[in-house]
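Colleague: Following this message is one structure expressed as structure tokens.
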Amino acid sequence: MEPDRDLSSISDEDYELDDEVSTDTLVTSPFNLDDISLVQEVDSDDAVPQEAIFDGLFLQQEGAPVDGPTWEQTTVTTVNLSSIERMYRINDRSSAIKLLHRRVNLVLDPDLKLRSDDPKLLWKGSKHFLDFILVVSGKIGLHAFLPRTLANHNFMLTLNLRLQCREFRPKFGKLGFDPTGSMMAIGEGQSMELWLGFCPIGNIEDIDLANQSPLLNEKHGDTRLTAVHYRMGIMFLASLLCQIPTMPVHVMYPYGPRSDFKEWKIEDATNILAQKTITLRLQDVLQLNRMMIEQYDDFVANAPPYWLKDGWLQQHIPISVACRYGQNQAIASTDQHALRVEARNWNIERDYTNIRYLSMAVATHISCEIVRGWVQVPVNDILSVHDVIYNSPDADVRQPVDILTLPLHEPGTQRELNVYDEEGRRIPRFVGRTRTNGPKCGLLINLETIPQLFSSYVAHDEHLNIDADILDVDEGDGPSINLYPQAFLRKHGHLQSSSILPHFKTFVKKVQSKITRRQRRNQLDEDEDDADDEDEDRDEDHSDLVDTKQLAPAIIASGCQFYNEISHRVRPNAGLHEVQQGRVTSALSGAYAQGTGKHVHSSIMKHCGLSLPHQRYNNAITMDNVPRDLRLENIYILQLESMDPAKRNGTSIYLDVVVPLARAWSHPHVYDNLRPHLSVFVPHAFPNIYQWMTFGVTSLLERIWEHQLPLLKLGKKPSPQMIEICAMLERALAFAHTGNARVLSSSLMRPFWLVRSLLQQGWPTISSTIRLVTTTSIPVSVSPADWPIVARSNLPAIASKRSQVVTYGVEHFEAYKAEFHIQLSLNNPPTNVFMQYDQDLRHAIIIAGVAFESYIVDVKALVSAAVNKLCINLDDQDTHSASLEAKARRYNLKKWFACKHPLSYLERAFEFLLRSVVADSDDQSMGLPNPTKEKLSIRDFAKLIINMSRPANPVAIAAPLISSGTSPMVFKVALVYMSKFVPRNSSEAADTFLQNAFIIAANHLHINNIPWHLQGGQGRRFRKPHFESWINLGKSTHLPSSKKLASNTANGAAEASQRAQASDSRAAWSACSISLQSLPDFLSRSVAPDEFRMESIGWERTEPHDSISRQCYQWVFSEFTMTQPLHQLALLIGIYVSKLVPDLFHNPDDRPERESFSSDMAFTMAIRAMKWTPNKSRKGCKVVLPFISMVTVYIISILDRSSPLHGYFSANRTFPTSWTKKHSHKGIGPLLLIRLGLAKAINGRVWKGGHLQRDWTVLTREEINNLHQNVINILSDREFGPYRLAELLFGSAKARSIGMSTHTYVVNPGVASTSLGKRTASASTSADHGDDEVEQNIKDYDYDKHQDKDQNKDYDYDYDYDYDYDYDYDYDYDYKGIF
């Protein structure tokens, strides 16, 4: 089963998913032998193809790749299965582990594996199941969902239009068009998944074109609609649903409120996504179907031009698709009454009149039991059922026999002498005596002989005129067959084929002839008819005749798969098999986790601590009656437009197609040919053989776990080699249970012999390079010099990537990979480089080189993504010049990628890079673009890397590092390791040591030119590297630092750039890249800054997607507008608070006591007078980026009573714990609102948060509007307004401190010279307008506090400068008026 692809693959690059759209990961899919767990996937260039198993079984003598001379030198040991069973039974783990170093020739004991023709075996094949069904309509509308009835009070469909992320997963069947970018999930109903397929009009109008479309098992792209097309589909459905009076849907703008998809979301135009699901009754579905048919053309015709720009809407129409899988419903009952009921249900379930394709998986269970004896069936019982009895199933040669005189056994063999009925089915003459509910034998396929069955010649009735089309295999081409060996047996397992067994041809052809509509004879034949025949024809009904020269087959058999039913018990789908999850690998690698990854690691540790995955599997198969039948599934496709109209109904499809094909397995023509290819294991051996054969691998895994568990509990990290060996063993274990070669990681498992041994001998043999210790010491070890290195990347081979990425994330894995690479490099350093340096510096240089290699990969990715995007845009222009430019860019990009040192001048790397990023030849003469006109020394480059990678207080990631790449994490890991070798005599010497190591490594890799940021303002802190901005590292390292090179002219240029951006109200802007002094220029913007987005918020992995906290953020981001006073005010305060970071806290000793004040306002003013301080114990309070969004969202959610937060508060009288925890950790809470003047304190419980309306209150709407207006008035003073707003929010002292330390605004010179804590003359004058009670209470509180505390402590509670804000401006604003 393929993994969910990245969501970016379904969204147009400039469009985002609408807020209401939910992800959909918990979806099912048909059981498919080719599916594997997402955790066990490997990169495409590292995977072993499934065909390798077939080659290993049949072609190994023709020259398999040699992994080393010791493979041939390793002794081949013959081992009986019973010996391995004994090891397992007595728990002899040491012997089992030692056997992993041997090449094993396995012998299956005759008392454990029986011959399929053993006379004591009783075979049955009467259980049949429907496992998958796919229904596709052939016309616009919802025909695939409609039952064959006009009234049904139980009928109900549930629309869920938030499933944009759900991918169409069926791997079998036919749609009649390419599903790539065409499928839209719309809900569920009648146990079916409901889809709209946007089918090309040509495929609807031309049935031949539809019939020629590829099947779903052929490769196709992502099936999900793009964001734009999804929006079109939603708006069309909304336009229909709003016309149904009972539907709670209304549409304000059928085509959106704006003329560009970028400018609106679904919620702006309709409320269709306001509720998660919409329930439709039968009458609603019928009406919706009718309207869809009648109104779609008008909907397209009236669409605005920007809807029709790409032509997709005009070229596709929505048809209905319904699918159901995994239900495993019993069918084809031997009870005639039950059979009639089933047929009636099929007839009522769906109207097949407008259905074009019906795909289904019909399964039969073949079982086998060991009998205690045979009892003869009375002859009279046989004669009472069968009138005529034959001696052969073949109608051409059979003869009637007299069963009264016919011997019971064949002469000589004493086997039962079989007899057959009219249909050619065997009539049992004996009944086996078996144990009641006794265990059955386990059945697998003999993989060594079964391919012969698919290619064998099958005799058939010459009058049937077999058509190769029914097998969907081109003439001359054999079917593709994939083999899935089980339990390391190599020759025994499961099978999947692109065709059914050829022995089914006869049965499929009989069905074909019975259901196919008649074809009209050609004109030549009609002219030869006589007049009498013509008259007779006029009286007949020829509605079923067609003029088509070549009628498509009414039924196609598209494939089959054979597997043991135990797979359904232990593996409902690929993602749920215990041994495929890589749990032990995740538990070991989780020791490297940071942040939220530690919580995930703790959970996995607990899971593995209770029992390991293979132990859970063992528990699942301990029952005696565990399923052991062989499940045989055939995939059939009905092309209903080729069917006889009289047969185009559920009853006929069931009785004439499903039932005969299901029962065909038990026909001697199929069964007798299949049985010799079946492997029969006694009940004691199956499924226990999985435990026996994997005992060596699981024993080694247990030893590793037992050795590592105490270390993990102590917080120690396992070695990367130990983790990778564990991953390798878990992949081998997954192969034993699935037989899927794609779980094998070739780069690591091939050098250690596992790939070769598993494919060629079945038994897992591990190279002696890995030392296996059976004592209590370290269970496995391998020399760093022997660890495989991937040549193309020069990185260590790794098998745990998917396990770590899926469990802990990409950053975690990249840090781990870097640590692994560094450890191997240190333990096995190159012998011919950096020898002139001392050992410590040499180690540091090697580590720095590892990090720089990762950086070069990031730079390549940056340039490649940007250039390819440009080329796609050029292709869309469809002009000759644009095509030539795109071709030239791609060519030079390819040549640049091939250079050994892509950031140098060697091998024309500079030339190729220049031609890739700059198309114009005149511009190329200017060199790589450098809009900043800056140069950087190699030492400055090293300093930047060090400052951004420090473990403590690092500088934010910016150019030249690429935040979206992996190198920032690698540099951080590298710096930790490099710090182990630095001199200890001084910090300056340590810094110089690190710089020199980076410089030497960069010189060794010839890093001369690096990507830089585009030109921006002086205050820009998060400057991302861009492919159109480069900087040369050739500046002399002896020049003064960059600070001394700064000038007023450069500052003026930056401010001029900001003013130019401010003139465009729709231009994107970054709050972090501008100073607060220029913030007034952006008040007229209609868009929020770049930092105000959902992506800037970090979420715990455990945070539910529908939590109140997420709802609040989603609501604010969707509702935000710069024209609303509260919204603009909250954003301005959020930006200002980001400049205050990390000083968002206070000294607990400074807290005023409520009892010291006679009014709430006085108490509030005392709180506002406290000093702003940092809290060093709080992590995450130094990163500025999240605060802009978090503070803004917090203010709006608290102050806007229509927010989801207030909805929760109204019901629970408190705020959610997750909401409070998320924000209080960063100092964002009620106390911050009070200190900013947005709330009022009521009592002392505000120190611990308190409760809204009981312990603190917020501003009214009128007060908010007044405050917003006064803030705008303050900022209208372009010279000192930004500073005075800081005074209003933080107080004079903090405002001056921020201004003087960051120069983000101009400090009022009238107050800048005043010492901190003292009031200016202006402030003293304005105090006359203050509240005398507030003044007196603060003084009394200050006096009392001095009396109560230790007299030796020095307290400075000079509050009088902080709370009076009546500035002598042209406007008059008395701050206390907001309360």
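By order in the structure tokens, chains are A, B, ...; within a chain, residues start at 1; ligands start at 1, following the order shown.
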Can you tell me, as a list of chain:residue names, what residues are no more than 9 Å from Thr1304 of chain A when counting only C-alpha atoms, ignoring any on the same chain fewer than 5 positions away?

Modeller: A:Gly1019, A:Ile1074, A:Ser1075, A:Leu1076, A:Gln1077, A:Ser1078, A:Lys1139, A:Pro1282, A:Tyr1283, A:Ile1298, A:Gly1299

Colleague: Keeping only all heavy atoms, take the residues you just selected and write them out as a PDB file, in the first residue's frame.

Modeller:
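Dumped to selection-v7.pdb:
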```
ATOM      1  N   GLY A1019      16.777  45.906  10.230  1.00  0.00           N
ATOM      2  CA  GLY A1019      16.199  45.189  11.356  1.00  0.00           C
ATOM      3  C   GLY A1019      15.827  43.757  11.040  1.00  0.00           C
ATOM      4  O   GLY A1019      15.309  43.054  11.891  1.00  0.00           O
ATOM      5  N   ILE A1074      11.554  44.585   9.868  1.00  0.00           N
ATOM      6  CA  ILE A1074      11.417  46.037   9.942  1.00  0.00           C
ATOM      7  C   ILE A1074      11.627  46.495  11.381  1.00  0.00           C
ATOM      8  O   ILE A1074      11.508  45.711  12.330  1.00  0.00           O
ATOM      9  CB  ILE A1074      10.033  46.506   9.455  1.00  0.00           C
ATOM     10  CG1 ILE A1074       8.940  45.974  10.379  1.00  0.00           C
ATOM     11  CG2 ILE A1074       9.795  46.088   8.018  1.00  0.00           C
ATOM     12  CD1 ILE A1074       7.555  46.507  10.077  1.00  0.00           C
ATOM     13  N   SER A1075      11.939  47.757  11.544  1.00  0.00           N
ATOM     14  CA  SER A1075      12.047  48.329  12.878  1.00  0.00           C
ATOM     15  C   SER A1075      10.682  48.844  13.308  1.00  0.00           C
ATOM     16  O   SER A1075       9.797  49.096  12.479  1.00  0.00           O
ATOM     17  CB  SER A1075      13.056  49.480  12.876  1.00  0.00           C
ATOM     18  OG  SER A1075      12.596  50.539  12.036  1.00  0.00           O
ATOM     19  N   LEU A1076      10.505  48.998  14.606  1.00  0.00           N
ATOM     20  CA  LEU A1076       9.245  49.555  15.096  1.00  0.00           C
ATOM     21  C   LEU A1076       9.077  50.995  14.640  1.00  0.00           C
ATOM     22  O   LEU A1076       7.951  51.487  14.559  1.00  0.00           O
ATOM     23  CB  LEU A1076       9.186  49.468  16.620  1.00  0.00           C
ATOM     24  CG  LEU A1076       9.118  48.049  17.210  1.00  0.00           C
ATOM     25  CD1 LEU A1076       9.035  48.107  18.723  1.00  0.00           C
ATOM     26  CD2 LEU A1076       7.939  47.276  16.639  1.00  0.00           C
ATOM     27  N   GLN A1077      10.180  51.654  14.351  1.00  0.00           N
ATOM     28  CA  GLN A1077      10.101  53.036  13.886  1.00  0.00           C
ATOM     29  C   GLN A1077       9.350  53.115  12.555  1.00  0.00           C
ATOM     30  O   GLN A1077       8.642  54.091  12.290  1.00  0.00           O
ATOM     31  CB  GLN A1077      11.515  53.608  13.717  1.00  0.00           C
ATOM     32  CG  GLN A1077      11.558  55.119  13.503  1.00  0.00           C
ATOM     33  CD  GLN A1077      11.126  55.894  14.727  1.00  0.00           C
ATOM     34  OE1 GLN A1077      11.354  55.449  15.852  1.00  0.00           O
ATOM     35  NE2 GLN A1077      10.472  57.024  14.544  1.00  0.00           N
ATOM     36  N   SER A1078       9.489  52.070  11.721  1.00  0.00           N
ATOM     37  CA  SER A1078       8.809  52.079  10.421  1.00  0.00           C
ATOM     38  C   SER A1078       7.469  51.371  10.465  1.00  0.00           C
ATOM     39  O   SER A1078       6.788  51.285   9.444  1.00  0.00           O
ATOM     40  CB  SER A1078       9.702  51.414   9.373  1.00  0.00           C
ATOM     41  OG  SER A1078       9.941  50.058   9.706  1.00  0.00           O
ATOM     42  N   LYS A1139       9.372  42.249  20.570  1.00  0.00           N
ATOM     43  CA  LYS A1139      10.589  43.004  20.837  1.00  0.00           C
ATOM     44  C   LYS A1139      10.945  42.975  22.319  1.00  0.00           C
ATOM     45  O   LYS A1139      12.079  43.260  22.697  1.00  0.00           O
ATOM     46  CB  LYS A1139      10.423  44.462  20.385  1.00  0.00           C
ATOM     47  CG  LYS A1139      10.003  44.632  18.926  1.00  0.00           C
ATOM     48  CD  LYS A1139      11.047  44.099  17.971  1.00  0.00           C
ATOM     49  CE  LYS A1139      10.628  44.352  16.516  1.00  0.00           C
ATOM     50  NZ  LYS A1139      11.613  43.812  15.558  1.00  0.00           N
ATOM     51  N   PRO A1282       6.282  55.583  17.860  1.00  0.00           N
ATOM     52  CA  PRO A1282       6.610  54.186  18.189  1.00  0.00           C
ATOM     53  C   PRO A1282       7.190  54.023  19.587  1.00  0.00           C
ATOM     54  O   PRO A1282       6.882  53.062  20.285  1.00  0.00           O
ATOM     55  CB  PRO A1282       7.626  53.813  17.109  1.00  0.00           C
ATOM     56  CG  PRO A1282       7.272  54.686  15.936  1.00  0.00           C
ATOM     57  CD  PRO A1282       6.848  55.993  16.545  1.00  0.00           C
ATOM     58  N   TYR A1283       8.035  54.987  19.995  1.00  0.00           N
ATOM     59  CA  TYR A1283       8.583  54.913  21.353  1.00  0.00           C
ATOM     60  C   TYR A1283       7.489  55.113  22.383  1.00  0.00           C
ATOM     61  O   TYR A1283       7.420  54.397  23.394  1.00  0.00           O
ATOM     62  CB  TYR A1283       9.675  55.961  21.523  1.00  0.00           C
ATOM     63  CG  TYR A1283       9.975  56.275  22.968  1.00  0.00           C
ATOM     64  CD1 TYR A1283      10.680  55.358  23.753  1.00  0.00           C
ATOM     65  CD2 TYR A1283       9.542  57.459  23.549  1.00  0.00           C
ATOM     66  CE1 TYR A1283      10.934  55.634  25.091  1.00  0.00           C
ATOM     67  CE2 TYR A1283       9.796  57.736  24.876  1.00  0.00           C
ATOM     68  CZ  TYR A1283      10.498  56.818  25.650  1.00  0.00           C
ATOM     69  OH  TYR A1283      10.750  57.096  26.968  1.00  0.00           O
ATOM     70  N   ILE A1298      14.539  49.171  25.659  1.00  0.00           N
ATOM     71  CA  ILE A1298      14.413  48.510  24.354  1.00  0.00           C
ATOM     72  C   ILE A1298      14.966  49.393  23.250  1.00  0.00           C
ATOM     73  O   ILE A1298      15.702  48.948  22.364  1.00  0.00           O
ATOM     74  CB  ILE A1298      12.949  48.136  24.086  1.00  0.00           C
ATOM     75  CG1 ILE A1298      12.491  47.048  25.070  1.00  0.00           C
ATOM     76  CG2 ILE A1298      12.756  47.670  22.648  1.00  0.00           C
ATOM     77  CD1 ILE A1298      11.012  46.724  24.967  1.00  0.00           C
ATOM     78  N   GLY A1299      14.612  50.650  23.284  1.00  0.00           N
ATOM     79  CA  GLY A1299      15.051  51.560  22.247  1.00  0.00           C
ATOM     80  C   GLY A1299      16.550  51.740  22.204  1.00  0.00           C
ATOM     81  O   GLY A1299      17.164  51.773  21.132  1.00  0.00           O
TER      82      GLY A1299
END
```

Colleague: If we count only C-alpha atoms and set the cut-off at 12 Å, which residues sit around Arg231 of chain A, ignoring sequence neighbours fewer than 2 positions away in its own chain? Please answer as number ranges by chain.

Modeller: A: 11-12, 15-18, 20-21, 161-164, 184, 225-229, 233-238, 254-256, 261-262, 264-270, 272-273, 307, 313

Colleague: Can I get the selection written as a CSV table (one decimal), in the first residue's frame, with N, CA and C atoms?

Modeller:
```csv
chain,number,residue,atom,x,y,z
A,11,SER,N,-1.6,20.2,-3.8
A,11,SER,CA,-2.0,21.6,-3.7
A,11,SER,C,-1.2,22.4,-4.7
A,12,ASP,N,-1.9,23.3,-5.4
A,12,ASP,CA,-1.2,24.2,-6.3
A,12,ASP,C,-0.2,25.0,-5.4
A,15,TYR,N,-1.5,28.0,-3.4
A,15,TYR,CA,-2.8,27.8,-2.6
A,15,TYR,C,-2.6,26.9,-1.5
A,16,GLU,N,-3.3,27.1,-0.4
A,16,GLU,CA,-3.2,26.3,0.8
A,16,GLU,C,-4.6,25.6,1.0
A,17,LEU,N,-4.5,24.5,1.7
A,17,LEU,CA,-5.8,23.8,2.1
A,17,LEU,C,-6.7,24.8,2.8
A,18,ASP,N,-8.0,24.7,2.6
A,18,ASP,CA,-8.9,25.5,3.3
A,18,ASP,C,-8.9,25.1,4.8
A,20,GLU,N,-11.1,24.4,6.9
A,20,GLU,CA,-12.0,23.4,7.4
A,20,GLU,C,-11.6,22.0,6.9
A,21,VAL,N,-10.7,21.9,6.0
A,21,VAL,CA,-10.3,20.6,5.5
A,21,VAL,C,-9.5,19.8,6.5
A,161,LEU,N,-17.3,16.5,3.3
A,161,LEU,CA,-16.6,17.2,2.2
A,161,LEU,C,-15.3,17.8,2.7
A,162,ARG,N,-14.8,17.3,3.9
A,162,ARG,CA,-13.5,17.8,4.4
A,162,ARG,C,-12.4,16.8,4.1
A,163,LEU,N,-12.6,15.9,3.2
A,163,LEU,CA,-11.7,14.8,2.9
A,163,LEU,C,-10.8,15.1,1.7
A,164,GLN,N,-10.4,16.3,1.6
A,164,GLN,CA,-9.5,16.7,0.4
A,164,GLN,C,-8.2,15.8,0.5
A,184,MET,N,-12.2,12.8,-5.8
A,184,MET,CA,-12.7,13.6,-4.7
A,184,MET,C,-13.5,12.8,-3.7
A,225,LEU,N,-7.5,15.7,-5.9
A,225,LEU,CA,-7.7,17.0,-6.7
A,225,LEU,C,-6.7,18.0,-6.1
A,226,THR,N,-6.3,18.9,-7.0
A,226,THR,CA,-5.5,20.0,-6.5
A,226,THR,C,-6.4,20.9,-5.7
A,227,ALA,N,-5.8,21.8,-5.0
A,227,ALA,CA,-6.6,22.7,-4.1
A,227,ALA,C,-7.6,23.5,-4.9
A,228,VAL,N,-7.2,24.0,-6.1
A,228,VAL,CA,-8.1,24.8,-6.9
A,228,VAL,C,-9.3,23.9,-7.4
A,229,HIS,N,-9.0,22.7,-7.9
A,229,HIS,CA,-10.0,21.9,-8.5
A,229,HIS,C,-10.9,21.4,-7.4
A,233,GLY,N,-15.0,21.7,-7.1
A,233,GLY,CA,-16.0,20.6,-6.9
A,233,GLY,C,-16.9,21.0,-5.7
A,234,ILE,N,-16.3,21.5,-4.6
A,234,ILE,CA,-17.1,21.9,-3.4
A,234,ILE,C,-18.1,22.9,-3.8
A,235,MET,N,-17.7,23.9,-4.5
A,235,MET,CA,-18.7,25.0,-4.9
A,235,MET,C,-19.8,24.5,-5.7
A,236,PHE,N,-19.5,23.5,-6.6
A,236,PHE,CA,-20.6,22.9,-7.4
A,236,PHE,C,-21.6,22.2,-6.5
A,237,LEU,N,-21.1,21.4,-5.6
A,237,LEU,CA,-22.0,20.6,-4.7
A,237,LEU,C,-22.8,21.6,-3.9
A,238,ALA,N,-22.1,22.6,-3.4
A,238,ALA,CA,-22.8,23.6,-2.6
A,238,ALA,C,-23.9,24.3,-3.3
A,254,PRO,N,-21.4,31.8,-5.7
A,254,PRO,CA,-21.3,30.5,-6.3
A,254,PRO,C,-19.9,30.3,-6.8
A,255,TYR,N,-19.2,31.4,-7.2
A,255,TYR,CA,-17.8,31.2,-7.8
A,255,TYR,C,-16.8,32.0,-7.0
A,256,GLY,N,-17.1,32.3,-5.7
A,256,GLY,CA,-16.2,32.9,-4.9
A,256,GLY,C,-16.4,34.4,-4.9
A,261,PHE,N,-8.4,32.8,-7.0
A,261,PHE,CA,-8.5,31.8,-5.9
A,261,PHE,C,-7.6,32.1,-4.7
A,262,LYS,N,-6.6,32.9,-4.9
A,262,LYS,CA,-5.7,33.2,-3.8
A,262,LYS,C,-6.4,34.1,-2.8
A,264,TRP,N,-9.6,34.2,-1.7
A,264,TRP,CA,-10.7,33.7,-0.9
A,264,TRP,C,-10.7,32.2,-0.6
A,265,LYS,N,-11.4,31.9,0.4
A,265,LYS,CA,-11.5,30.5,0.8
A,265,LYS,C,-13.0,30.0,0.7
A,266,ILE,N,-13.2,28.8,0.9
A,266,ILE,CA,-14.5,28.2,0.7
A,266,ILE,C,-15.5,28.9,1.7
A,267,GLU,N,-15.0,29.1,2.9
A,267,GLU,CA,-15.9,29.6,4.0
A,267,GLU,C,-16.3,31.1,3.6
A,268,ASP,N,-15.6,31.7,2.8
A,268,ASP,CA,-16.0,33.1,2.4
A,268,ASP,C,-17.2,33.1,1.4
A,269,ALA,N,-17.4,31.9,0.8
A,269,ALA,CA,-18.5,31.8,-0.2
A,269,ALA,C,-19.7,31.0,0.2
A,270,THR,N,-19.4,30.0,1.1
A,270,THR,CA,-20.5,29.1,1.4
A,270,THR,C,-20.2,28.5,2.8
A,272,ILE,N,-20.9,25.4,3.5
A,272,ILE,CA,-21.0,23.9,3.3
A,272,ILE,C,-20.1,23.1,4.2
A,273,LEU,N,-18.9,23.8,4.6
A,273,LEU,CA,-18.0,23.1,5.5
A,273,LEU,C,-18.2,23.4,6.9
A,307,TRP,N,-11.8,30.7,-13.5
A,307,TRP,CA,-12.1,29.3,-13.2
A,307,TRP,C,-11.8,28.4,-14.4
A,313,LEU,N,-12.1,22.4,-15.9
A,313,LEU,CA,-13.5,22.4,-15.6
A,313,LEU,C,-14.3,22.0,-16.9
```

Colleague: Go through A:Ala47, A:Cys441, A:Ile186, A:Val508 and flag the residue nearest Val371 of chain A, using only C-alpha atoms for the distances.

Modeller: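 Using only C-alpha atoms, the shortest distance to Val371 of chain A belongs to A:Cys441.
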
Colleague: Find the residues near Val658 of chain A: any atom within 12 Å, counting only C-alpha atoms, skip ones fewer than 2 places away on the same chain, and give them as number ranges by chain.

Modeller: A: 128-130, 133, 330-333, 339, 342-343, 346, 358-364, 507-508, 511, 515, 555, 634-638, 650-656, 660-664

Colleague: Identify which of the residues A:Thr149, A:His1251, A:Arg115, A:Ala1088 lies closest to Ser1118 of chain A, counting only C-alpha atoms when measuring atom-to-atom distances.

Modeller: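 Of A:Thr149, A:His1251, A:Arg115, A:Ala1088, the one nearest Ser1118 of chain A, counting only C-alpha atoms, is A:Ala1088.
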
Colleague: As a ChimeraX atom specification, please: the residues near segment 491-499 of chain A (cut-off 9 Å, only C-alpha atoms, same-chain neighbours under 4 positions excluded).

Modeller: /A:32-34,57,217,443-450,454,471-473,478-487,557-564,634-635,678-679,738-739,762

Colleague: Do you know which residues are at most 7 Å from Leu913 of chain A counting only C-alpha atoms, after dropping those on the same chain fewer than 3 positions away, and could you put them as a PyMOL selection string?

Modeller: chain A and resi 892-893+896+909-910+916-917

Colleague: I'd like to know which of A:Ile1000, A:Met183, A:Met749, A:Ala990 is closest to Ile766 of chain A, using only C-alpha atoms.

Modeller: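 Of A:Ile1000, A:Met183, A:Met749, A:Ala990, the one nearest Ile766 of chain A is A:Met749, counting only C-alpha atoms.
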
Colleague: One decimal, Å: what's the distance from atom CA of Arg103 of chain A over to atom CA of Val697 of chain A, could you say?

Modeller: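 Straight-line distance from atom CA of Arg103 of chain A to atom CA of Val697 of chain A works out to 14.4 Å.
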
Colleague: Within 6 Å of segment 721-737 of chain A, counting only C-alpha atoms, which residues qualify if same-chain residues fewer than 3 places away don't, as a list in words?

Modeller: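 Counting only C-alpha atoms, the residues come to Gln486, Ala487, Phe488, Val579, Gln580, Thr585, Asn740, Val743, Ala799 and Ser800 of chain A.
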
Colleague: My list of candidates is A:Asp92, A:Phe132, A:Asp1081, A:Cys1072. Which is closest to Ser1276 of chain A when distances are computed with only C-alpha atoms?

Modeller: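 Looking at the shortest contact to Ser1276 of chain A, the residue is A:Asp1081.
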
Colleague: Fewer than 5 positions away in the same chain doesn't count, so skip those; otherwise give me all residues within 9 Å of segment 751-756 of chain A, counting only C-alpha atoms, as a list in words.

Modeller: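 Once the nearby chain positions are removed, what remains is Val48, Gly56, Ala64, Pro65, Val66, Asp67, Gly68, Trp71, Met728, Ala732, Ala741, Leu744, Ser745, Ser746, Gln761, Gly762, Trp763, Pro764, Thr765, Ile766, Ser767, Ser768, Thr769, Ile770, Trp787 and Pro788 of chain A.
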